[in-house]
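This is my_file.cif (mmCIF, C-alpha atoms).
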```cif
data_final
loop_
_atom_site.label_atom_id
_atom_site.label_comp_id
_atom_site.auth_asym_id
_atom_site.auth_seq_id
_atom_site.Cartn_x
_atom_site.Cartn_y
_atom_site.Cartn_z
CA GLY A 1 89.73 95.63 53.41
CA LEU A 2 86.63 97.65 54.32
CA CYS A 3 85.77 98.21 50.67
CA LEU A 4 86.09 94.48 50.00
CA LEU A 5 83.94 93.74 53.05
CA VAL A 6 81.09 96.03 51.94
CA LEU A 7 81.23 94.83 48.33
CA ARG A 8 81.35 91.16 49.27
CA VAL A 9 78.43 91.45 51.67
CA PHE A 10 76.19 92.44 48.75
CA ILE A 11 77.67 89.73 46.53
CA GLY A 12 77.24 87.20 49.34
CA VAL A 13 73.50 87.90 49.43
CA HIS A 14 73.29 87.01 45.73
CA VAL A 15 75.33 83.83 46.30
CA PHE A 16 72.92 82.80 49.04
CA LEU A 17 69.87 83.45 46.84
CA VAL A 18 71.36 81.49 43.93
CA SER A 19 72.26 78.54 46.14
CA CYS A 20 68.69 78.50 47.50
CA ALA A 21 67.01 78.83 44.08
CA LEU A 22 68.95 76.15 42.18
CA PRO A 23 68.56 72.44 42.99
CA ASP A 24 71.56 70.43 44.10
CA SER A 25 73.46 69.47 40.96
CA VAL A 26 76.83 69.76 39.25
CA VAL A 27 75.71 72.99 37.56
CA ARG A 28 74.69 74.57 40.88
CA ARG A 29 77.95 73.60 42.56
CA PHE A 30 79.97 75.04 39.66
CA ILE A 31 78.08 78.35 39.65
CA VAL A 32 78.25 78.80 43.41
CA ARG A 33 81.93 77.87 43.46
CA VAL A 34 82.73 80.54 40.86
CA MET A 35 80.71 83.14 42.78
CA CYS A 36 82.47 82.16 46.01
CA SER A 37 85.82 82.84 44.35
CA VAL A 38 84.64 86.44 43.91
CA LEU A 39 84.04 86.49 47.66
CA GLY A 40 87.69 85.52 48.15
CA LEU A 41 86.90 81.91 49.05
CA LEU A 42 89.08 79.70 46.85
CA VAL A 43 88.59 75.91 46.95
CA ARG A 44 91.17 73.44 45.71
CA GLN A 45 91.07 69.65 45.84
CA SER A 46 93.55 66.80 45.51
CA ASP A 47 92.85 63.28 44.19
CA PRO A 48 89.25 63.96 43.09
CA ARG A 49 89.05 60.42 41.65
CA LEU A 50 88.86 59.10 45.23
CA ARG A 51 85.90 61.34 45.99
CA GLY A 52 82.81 59.47 47.13
CA ALA A 53 83.73 56.08 45.70
CA GLY A 54 80.62 54.41 47.11
CA THR A 55 81.26 55.81 50.60
CA ARG A 56 78.26 57.02 52.59
CA VAL A 57 80.16 58.77 55.41
CA PHE A 58 82.92 61.40 55.05
CA ILE A 59 85.12 62.10 58.09
CA ALA A 60 86.96 65.44 58.11
CA ASN A 61 89.00 67.54 60.52
CA HIS A 62 87.35 70.76 61.67
CA VAL A 63 89.04 74.11 60.96
CA THR A 64 86.36 76.75 60.31
CA PRO A 65 82.57 77.05 60.70
CA PHE A 66 82.26 76.77 56.90
CA ASP A 67 84.04 73.47 56.30
CA HIS A 68 80.80 71.70 55.37
CA ASN A 69 79.89 74.47 52.91
CA VAL A 70 83.28 74.17 51.21
CA VAL A 71 83.08 70.39 50.81
CA SER A 72 79.53 70.69 49.49
CA LEU A 73 80.92 72.84 46.64
CA LEU A 74 82.84 69.76 45.48
CA THR A 75 80.37 66.94 46.10
CA SER A 76 76.87 66.46 47.36
CA CYS A 77 76.81 65.86 51.15
CA ASN A 78 74.86 66.76 54.27
CA THR A 79 76.09 67.67 57.75
CA PRO A 80 73.67 67.24 60.68
CA ALA A 81 73.18 70.13 63.08
CA LEU A 82 74.59 69.08 66.46
CA SER A 83 74.18 72.34 68.38
CA GLY A 84 72.19 75.52 68.15
CA ALA A 85 68.47 76.02 67.85
CA PRO A 86 66.88 74.68 64.64
CA GLY A 87 65.32 77.19 62.32
CA PHE A 88 66.21 79.61 59.56
CA ILE A 89 69.79 80.27 60.72
CA CYS A 90 70.57 76.56 60.93
CA TRP A 91 69.07 75.93 57.48
CA SER A 92 70.73 78.98 55.88
CA ARG A 93 74.15 77.83 57.09
CA GLY A 94 73.69 74.55 55.22
CA PHE A 95 73.08 72.16 58.11
CA MET A 96 70.62 69.29 57.98
CA GLU A 97 68.00 69.28 60.72
CA LEU A 98 67.09 65.83 62.01
CA GLY A 99 64.75 66.89 64.77
CA VAL A 100 66.75 64.86 67.32
CA THR A 101 67.31 66.69 70.60
CA GLY A 102 68.16 63.71 72.80
CA SER A 103 71.32 61.72 73.38
CA ARG A 104 74.05 60.73 70.94
CA ALA A 105 72.50 57.25 70.74
CA GLU A 106 69.30 58.71 69.30
CA LEU A 107 71.36 60.78 66.86
CA VAL A 108 73.29 57.69 65.70
CA ASP A 109 70.04 55.74 65.19
CA SER A 110 68.61 58.63 63.15
CA LEU A 111 71.76 58.85 61.00
CA LYS A 112 71.72 55.08 60.43
CA GLU A 113 68.18 55.36 59.10
CA TYR A 114 69.25 58.27 56.91
CA SER A 115 72.24 56.38 55.48
CA ALA A 116 70.13 53.28 54.81
CA GLN A 117 68.16 55.22 52.18
CA GLN A 118 70.22 55.05 48.99
CA GLY A 119 68.76 58.24 47.53
CA ASN A 120 70.18 60.46 50.30
CA PRO A 121 73.53 62.24 49.84
CA PRO A 122 76.49 61.05 51.94
CA LEU A 123 77.07 62.38 55.44
CA LEU A 124 79.93 64.76 56.26
CA LEU A 125 80.87 64.51 59.94
CA PHE A 126 83.47 66.25 62.11
CA PRO A 127 84.45 63.93 65.00
CA GLU A 128 86.59 66.64 66.66
CA GLU A 129 83.34 68.49 67.49
CA ALA A 130 85.27 71.78 67.80
CA ALA A 131 87.33 73.86 65.39
CA THR A 132 91.09 74.34 65.73
CA ASN A 133 93.59 76.12 63.51
CA GLY A 134 94.66 72.75 62.04
CA ARG A 135 98.38 73.61 62.16
CA ALA A 136 99.50 71.70 65.26
CA GLY A 137 97.26 68.76 66.07
CA LEU A 138 93.86 67.08 65.95
CA LEU A 139 91.47 66.93 68.87
CA ARG A 140 90.49 63.45 70.00
CA PHE A 141 87.86 61.98 67.67
CA SER A 142 84.48 61.09 69.15
CA SER A 143 83.45 57.50 68.52
CA TRP A 144 79.79 58.03 67.60
CA PRO A 145 80.44 59.00 63.91
CA PHE A 146 82.14 55.62 63.49
CA SER A 147 79.13 53.72 64.82
CA ILE A 148 76.95 54.58 61.82
CA LEU A 149 78.57 52.48 59.09
CA ASP A 150 81.51 50.11 58.82
CA GLU A 151 83.31 52.18 56.17
CA VAL A 152 84.26 55.85 56.15
CA GLN A 153 86.29 58.10 53.87
CA PRO A 154 88.68 60.59 55.53
CA VAL A 155 88.88 64.11 54.10
CA ALA A 156 91.85 66.31 55.06
CA LEU A 157 91.13 70.04 55.21
CA GLN A 158 93.72 72.81 55.34
CA VAL A 159 92.92 76.53 55.35
CA ARG A 160 95.23 79.49 54.96
CA ARG A 161 94.70 83.22 54.57
CA PRO A 162 96.97 86.28 54.73
CA LEU A 163 97.11 88.82 57.55
CA VAL A 164 94.51 87.19 59.84
CA ALA A 165 94.71 83.87 61.69
CA VAL A 166 92.32 81.09 60.74
CA SER A 167 89.79 79.92 63.34
CA VAL A 168 90.50 82.25 66.25
CA ALA A 169 89.44 80.65 69.53
CA ASP A 170 86.01 81.67 70.83
CA SER A 171 85.11 83.62 67.68
CA SER A 172 81.60 83.24 66.27
CA TRP A 173 80.73 82.12 62.75
CA ILE A 174 79.66 85.68 61.91
CA THR A 175 83.10 86.99 62.91
CA GLU A 176 84.79 84.34 60.75
CA LEU A 177 82.54 85.27 57.83
CA LEU A 178 83.34 88.96 58.11
CA TRP A 179 87.09 88.26 58.28
CA THR A 180 86.75 86.06 55.20
CA PHE A 181 85.17 88.98 53.37
CA PHE A 182 87.76 91.41 54.75
CA VAL A 183 90.98 89.64 53.73
CA PRO A 184 91.93 89.37 50.04
CA PHE A 185 91.44 85.60 49.87
CA THR A 186 91.03 82.43 51.92
CA VAL A 187 92.28 79.17 50.38
CA TYR A 188 90.69 75.84 51.29
CA GLN A 189 92.69 72.76 50.34
CA VAL A 190 90.60 69.57 50.30
CA ARG A 191 92.44 66.26 50.05
CA TRP A 192 90.44 63.11 49.44
CA MET A 193 91.85 59.97 51.04
CA PRO A 194 91.06 56.29 50.35
CA SER A 195 88.14 54.76 52.21
CA VAL A 196 88.91 53.02 55.50
CA PRO A 197 86.87 49.90 56.44
CA ARG A 198 86.32 48.67 59.96
CA ARG A 199 88.43 45.70 60.96
CA ALA A 200 86.91 42.52 62.31
CA ASP A 201 85.74 42.91 65.92
CA GLU A 202 87.11 46.47 66.01
CA ARG A 203 85.41 48.77 68.49
CA SER A 204 84.18 52.21 67.43
CA GLU A 205 86.74 53.87 69.74
CA ASP A 206 89.63 51.99 68.12
CA PHE A 207 88.22 52.68 64.65
CA ALA A 208 88.04 56.40 65.46
CA LEU A 209 91.61 56.42 66.79
CA ARG A 210 92.92 54.67 63.67
CA VAL A 211 91.23 57.16 61.32
CA GLN A 212 92.49 60.05 63.47
CA GLU A 213 96.06 58.78 63.13
CA LEU A 214 95.68 58.52 59.34
CA LEU A 215 94.33 62.06 59.07
CA ALA A 216 97.08 63.40 61.33
CA MET A 217 99.75 61.76 59.15
CA GLU A 218 98.15 63.21 56.00
CA LEU A 219 98.08 66.71 57.51
CA GLY A 220 101.53 66.44 59.10
CA VAL A 221 100.25 67.23 62.60
CA VAL A 222 100.02 65.44 65.94
CA SER A 223 97.15 63.18 66.99
CA THR A 224 96.31 64.35 70.52
CA ARG A 225 94.05 63.00 73.27
CA ILE A 226 92.60 66.43 74.01
CA THR A 227 88.82 66.43 73.66
CA ALA A 228 86.43 69.21 72.70
CA ALA A 229 85.34 69.34 76.36
CA ASP A 230 88.97 69.93 77.40
CA ARG A 231 89.18 72.77 74.90
CA THR A 232 86.00 74.35 76.28
CA GLU A 233 87.28 74.08 79.85
CA HIS A 234 90.61 75.60 78.84
CA MET A 235 88.90 78.60 77.25
CA LYS A 236 86.91 79.12 80.47
CA ARG A 237 90.15 79.14 82.47
CA LEU A 238 91.69 81.64 80.06
CA ARG A 239 88.74 84.00 80.42
CA HIS A 240 88.85 83.64 84.21
CA THR A 241 92.59 84.33 84.28
CA ALA A 242 92.18 87.35 82.01
CA GLN A 243 89.61 88.79 84.42
CA ARG A 244 91.85 88.22 87.45
CA LEU A 245 95.02 89.49 85.74
CA PRO A 246 94.10 92.46 83.55
CA PHE A 247 97.71 93.71 83.76
CA ALA A 248 99.44 90.37 83.20
CA PRO A 249 102.89 90.83 81.65
CA GLY A 250 103.09 90.20 77.95
CA GLY A 251 99.46 90.73 77.03
CA GLY A 252 96.02 91.88 77.98
CA PRO A 253 92.72 90.03 78.19
CA GLY A 254 92.89 86.74 76.37
CA TYR A 255 96.67 86.56 76.70
CA GLU A 256 97.53 82.85 76.33
CA THR A 257 100.51 81.78 78.37
CA SER A 258 99.90 78.06 78.49
CA SER A 259 101.02 75.59 75.89
CA TRP A 260 97.58 75.37 74.31
CA ALA A 261 98.64 78.29 72.14
CA LEU A 262 99.68 76.10 69.18
CA LEU A 263 96.41 74.20 69.01
CA LEU A 264 94.28 77.32 69.36
CA GLY A 265 96.90 79.62 67.94
CA GLY A 266 100.18 78.58 69.78
CA SER A 267 101.55 75.23 71.49
CA LEU A 268 99.82 71.91 71.78
CA VAL A 269 99.19 70.28 75.16
CA PRO A 270 98.05 72.13 78.31
CA PRO A 271 100.42 71.90 81.25
CA SER A 272 97.54 70.81 83.47
CA LEU A 273 96.88 67.72 81.38
CA PRO A 274 98.88 64.49 81.64
CA GLY A 275 100.86 63.31 78.69
CA GLY A 276 102.27 66.70 77.78
CA ALA A 277 105.67 67.36 76.34
CA PRO A 278 108.71 67.08 78.66
CA GLU A 279 109.20 70.84 78.46
CA ASP A 280 105.64 71.40 79.70
CA MET A 281 106.01 68.94 82.56
CA ARG A 282 109.26 70.60 83.60
CA VAL A 283 107.52 73.99 83.80
CA VAL A 284 104.75 72.42 85.90
CA ALA A 285 107.32 70.92 88.29
CA MET A 286 109.16 74.25 88.65
CA ALA A 287 105.85 76.05 89.19
CA GLN A 288 105.01 73.70 92.06
CA GLN A 289 108.38 74.47 93.68
CA VAL A 290 107.71 78.21 93.50
CA LYS A 291 104.15 77.65 94.75
CA GLU A 292 105.45 75.87 97.85
CA VAL A 293 107.69 78.84 98.64
CA LEU A 294 105.11 81.53 97.75
CA PRO A 295 101.68 79.93 98.28
CA HIS A 296 99.84 83.25 97.97
CA VAL A 297 100.94 83.77 94.34
CA PRO A 298 98.51 82.44 91.68
CA LEU A 299 99.85 79.43 89.82
CA GLU A 300 99.13 80.97 86.40
CA VAL A 301 101.32 83.98 87.25
CA ILE A 302 104.13 81.64 88.28
CA ARG A 303 103.86 79.66 85.05
CA THR A 304 103.82 82.84 82.99
CA ASP A 305 107.06 84.08 84.51
CA LEU A 306 108.70 80.63 84.40
CA VAL A 307 108.08 80.43 80.65
CA GLN A 308 110.05 83.67 80.31
CA THR A 309 112.80 83.05 82.89
CA ASN A 310 113.09 79.25 82.84
CA CYS A 311 114.58 79.51 86.35
CA VAL A 312 113.00 78.96 89.77
CA ASP A 313 115.33 81.38 91.56
CA THR A 314 114.76 84.18 89.06
CA THR A 315 110.98 83.76 89.24
CA ILE A 316 111.02 83.86 93.05
CA ALA A 317 113.17 87.00 92.95
CA ASN A 318 110.81 88.65 90.44
CA LEU A 319 107.80 87.90 92.63
CA LEU A 320 109.46 89.00 95.87
CA GLU A 321 110.85 92.21 94.43
CA GLY A 322 107.59 93.18 92.73
CA ARG A 323 108.80 92.97 89.13
CA VAL A 324 105.81 90.73 88.36
CA PRO A 325 102.49 92.26 89.50
CA PHE A 326 99.79 89.89 90.75
CA PHE A 327 96.72 89.65 92.92
CA PRO A 328 97.27 87.45 96.02
CA GLU A 329 94.92 84.48 96.11
CA SER A 330 93.92 85.06 99.77
CA GLN A 331 92.63 88.52 100.72
CA GLU A 332 91.34 89.72 104.07
CA ALA A 333 87.61 90.35 104.18
CA GLY A 334 86.62 93.88 103.28
CA ASN A 335 89.90 94.78 101.61
CA PRO A 336 89.72 95.05 97.80
CA PRO A 337 92.53 93.26 95.94
CA ALA A 338 95.36 95.42 94.67
CA PRO A 339 98.56 94.66 92.75
CA SER A 340 101.38 93.75 95.06
CA THR A 341 104.46 95.89 95.45
CA SER A 342 107.92 94.66 96.36
CA GLN A 343 107.37 95.08 100.12
CA ALA A 344 103.88 93.53 99.96
CA ALA A 345 105.15 90.58 97.95
CA ALA A 346 108.04 90.03 100.32
CA ALA A 347 105.85 90.36 103.38
CA SER A 348 103.19 88.04 101.92
CA GLY A 349 105.83 85.52 100.94
CA ILE A 350 107.23 85.50 104.48
CA GLN A 351 103.77 85.21 105.99
CA GLY A 352 102.99 82.31 103.66
CA SER A 353 106.13 80.55 104.75
CA VAL A 354 105.11 80.71 108.44
CA ALA A 355 102.15 78.37 107.89
CA ALA A 356 104.30 75.87 106.01
CA PRO A 357 106.08 72.88 107.55
CA SER A 358 108.94 73.49 109.94
CA SER A 359 111.53 72.79 107.24
CA LYS A 360 110.85 76.21 105.71
CA PRO A 361 112.77 79.25 106.92
CA ALA A 362 111.32 80.90 110.00
CA THR A 363 110.39 84.57 110.10
CA LYS A 364 111.51 87.34 112.43
CA GLN A 365 109.87 90.38 113.94
CA PHE A 366 109.38 93.36 111.64
CA ALA A 367 112.32 95.73 112.27
CA LYS A 368 111.79 99.42 113.02
CA SER A 369 114.87 100.73 111.26
CA PRO A 370 114.90 100.85 107.40
CA VAL A 371 118.45 99.48 107.39
CA GLU A 372 117.47 96.55 109.59
CA ARG A 373 114.40 95.91 107.46
CA HIS A 374 116.53 95.82 104.31
CA LEU A 375 119.00 93.39 105.89
CA SER A 376 116.14 91.25 107.19
CA LEU A 377 114.59 91.14 103.71
CA GLN A 378 117.87 90.05 102.13
CA GLU A 379 118.32 87.31 104.75
CA ARG A 380 114.82 86.00 104.16
CA LYS A 381 115.31 86.03 100.41
CA ARG A 382 118.46 83.98 100.77
CA ALA A 383 116.61 81.58 103.07
CA LEU A 384 113.82 81.21 100.51
CA TYR A 385 116.36 80.58 97.74
CA ASP A 386 118.02 77.88 99.83
CA TYR A 387 114.69 76.26 100.53
CA ALA A 388 113.71 76.34 96.85
CA ARG A 389 117.01 74.72 95.86
CA ARG A 390 116.38 71.89 98.32
#
```

Can you present the structure in this file as structure tokens?
Amino acid sequence: GLCLLVLRVFIGVHVFLVSCALPDSVVRRFIVRVMCSVLGLLVRQSDPRLRGAGTRVFIANHVTPFDHNVVSLLTSCNTPALSGAPGFICWSRGFMELGVTGSRAELVDSLKEYSAQQGNPPLLLFPEEAATNGRAGLLRFSSWPFSILDEVQPVALQVRRPLVAVSVADSSWITELLWTFFVPFTVYQVRWMPSVPRRADERSEDFALRVQELLAMELGVVSTRITAADRTEHMKRLRHTAQRLPFAPGGGPGYETSSWALLLGGSLVPPSLPGGAPEDMRVVAMAQQVKEVLPHVPLEVIRTDLVQTNCVDTTIANLLEGRVPFFPESQEAGNPPAPSTSQAAAASGIQGSVAAPSSKPATKQFAKSPVERHLSLQERKRALYDYARR
């Protein structure tokens, strides 16, 4: 892998120079495509006769930071730069700079002017606005790419490689490039679909949803209502949880316990979002029951253990007896947080239950004898179990 990486870095420099020196043509695309195969980047296509049949806008799902480069090896197209500072890096990655730094409305007006000029190549747009692994579902399509013209052509992209996952969440384009050079090969499968016209009086949002459903059916995945902003917020929560729980069971920093794991490398819909699967909603309901009994325990820790135990009673027992370490959400001022032990968890759980409504089990004075303390702990555990069952 390291030998391939070093060798392909030097070859990649030559590929970049050749792609810059030659004008956009069939000959250039053929030469660069052959050289990219040496880099381990193999491109296959299905139904090439449907490719660009008078369509000025291509709509594709987003899997890797190099999707636009792969499609440009098959047909002439341009992808506008939506983020990042303009300059050499933006140009070298193959993006088209429009000089628009304002709202999406200004971007749409600029792209309409671009598409009105017949000599310009077609546009390649990614309405998901964020990359996923492409194996579980599609992010909700933004409506602005469907406001440019009344006809678009969907393009289905699938990527697979051995040993290393495709499109790891929060990885940069440089990391993806180095992994592409490291692994033996990365296969891009491009499937051209028939053009889709806008229906009479169809809004851009409905048009986007219809094309998203068609692409999801072609790829054999689910069409979700999760947006790129939801994905960004979820990654922030994961980083925050990893910082608070460095010793979380089952993984270290970045350990994904929620059901986003399929979309970013595991399941599909976050438990915190409405419309999730029944299994996800059931875990959320059980987590709320445990949270009412043990309000000092972080909700993410409860969900993590519930995914493993699938039982409210077992999770409460694990938290009370210290089998699941956690940092209590409320700490006294001046005391640094520390992982709870069995006695600390039990004591915190009983203290949390005092501030709850009167229907919860009441607490007793702390016994002096170890035997009495043990009996008191067992009684309180049984009381908590009874309350959780109610």

Given the choices A:Phe181, A:Thr227, A:Tyr188, A:Glu329, which gets closest to A:Leu2 if the distance is worked out from all atoms listed in the file? A:Phe181

Gap from atom CA of A:His296 to atom CA of A:Thr232 - Å, one decimal: 27.2 Å

Explicit residue set for the PyMOL selection byres ((chain A and resi 197) around 9), as a ChimeraX atom specification: /A:150-153,195-196,198-199,207

Please determine, counting all atoms listed in the file, which residue among A:Cys20, A:Leu177, A:Val211, A:Leu306 has the shortest atom-to-atom distance to A:Lys291. A:Leu306

Here is a test: counting only C-alpha atoms, which residue of A:Asn133, A:Ser142, A:Ser147, A:Thr64 is nearest to A:Lys112?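 Of the candidates, the smallest distance to A:Lys112 is held by A:Ser147.
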
As a check of understanding: the span from atom CA of A:Ser171 to atom CA of A:Cys90 is 17.5 Å

Can you translate the PyMOL selection byres ((chain A and resi 144) around 8) into the concrete residues it hits in this file, as number ranges by chain? A: 104-105, 108, 127, 142-143, 145-148, 204

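Remark: for A:Gln212, the closest of the candidate residues A:Ala156, A:Val284, A:Val307, A:Ala81 is A:Ala156 (distances computed over all atoms listed in the file).
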
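Shell of A:Arg28 at 9 Å, with only C-alpha atoms counted and residues fewer than 6 places along the chain excluded, is Val18, Ser19, Leu22 and Leu73 of chain A.
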
Which of A:Pro80, A:Gly94, A:Gly87, A:Pro328 sits closest to A:Glu129 [using only C-alpha atoms]: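 Distance minimum relative to A:Glu129 lands on A:Pro80.
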
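Taking atom CA of A:Arg44 and atom CA of A:Gln189 as the two end points, the separation is 4.9 Å.
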
Kindly indicate which residue among A:Pro48, A:Phe326, A:Arg160, A:Thr55 lies nearest to A:Pro184, using only C-alpha atoms for the distances.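 Ranked by minimum distance to A:Pro184, first place goes to A:Arg160.
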
Exercise: A:Ala131 partners within 12 Å, all atoms listed in the file, chain neighbours under 2 positions left out, as an mmCIF file with C-alpha atoms, in the coordinates of the input:
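Produced file out05.cif, reproduced below:
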```cif
data_model
loop_
_atom_site.group_PDB
_atom_site.id
_atom_site.type_symbol
_atom_site.label_atom_id
_atom_site.label_comp_id
_atom_site.auth_asym_id
_atom_site.auth_seq_id
_atom_site.Cartn_x
_atom_site.Cartn_y
_atom_site.Cartn_z
ATOM 1 C CA ALA A 60 86.960 65.440 58.110
ATOM 2 C CA ASN A 61 89.000 67.540 60.520
ATOM 3 C CA HIS A 62 87.350 70.760 61.670
ATOM 4 C CA VAL A 63 89.040 74.110 60.960
ATOM 5 C CA THR A 64 86.360 76.750 60.310
ATOM 6 C CA PRO A 65 82.570 77.050 60.700
ATOM 7 C CA PHE A 66 82.260 76.770 56.900
ATOM 8 C CA ASP A 67 84.040 73.470 56.300
ATOM 9 C CA PHE A 126 83.470 66.250 62.110
ATOM 10 C CA PRO A 127 84.450 63.930 65.000
ATOM 11 C CA GLU A 128 86.590 66.640 66.660
ATOM 12 C CA GLU A 129 83.340 68.490 67.490
ATOM 13 C CA ASN A 133 93.590 76.120 63.510
ATOM 14 C CA GLY A 134 94.660 72.750 62.040
ATOM 15 C CA ARG A 135 98.380 73.610 62.160
ATOM 16 C CA GLY A 137 97.260 68.760 66.070
ATOM 17 C CA LEU A 138 93.860 67.080 65.950
ATOM 18 C CA LEU A 139 91.470 66.930 68.870
ATOM 19 C CA ARG A 140 90.490 63.450 70.000
ATOM 20 C CA LEU A 157 91.130 70.040 55.210
ATOM 21 C CA GLN A 158 93.720 72.810 55.340
ATOM 22 C CA VAL A 159 92.920 76.530 55.350
ATOM 23 C CA VAL A 166 92.320 81.090 60.740
ATOM 24 C CA SER A 167 89.790 79.920 63.340
ATOM 25 C CA VAL A 168 90.500 82.250 66.250
ATOM 26 C CA ALA A 169 89.440 80.650 69.530
ATOM 27 C CA ASP A 170 86.010 81.670 70.830
ATOM 28 C CA SER A 171 85.110 83.620 67.680
ATOM 29 C CA SER A 172 81.600 83.240 66.270
ATOM 30 C CA TRP A 173 80.730 82.120 62.750
ATOM 31 C CA GLU A 176 84.790 84.340 60.750
ATOM 32 C CA THR A 227 88.820 66.430 73.660
ATOM 33 C CA ALA A 228 86.430 69.210 72.700
ATOM 34 C CA ARG A 231 89.180 72.770 74.900
ATOM 35 C CA THR A 232 86.000 74.350 76.280
ATOM 36 C CA LEU A 263 96.410 74.200 69.010
ATOM 37 C CA LEU A 264 94.280 77.320 69.360
ATOM 38 C CA GLY A 265 96.900 79.620 67.940
#
```
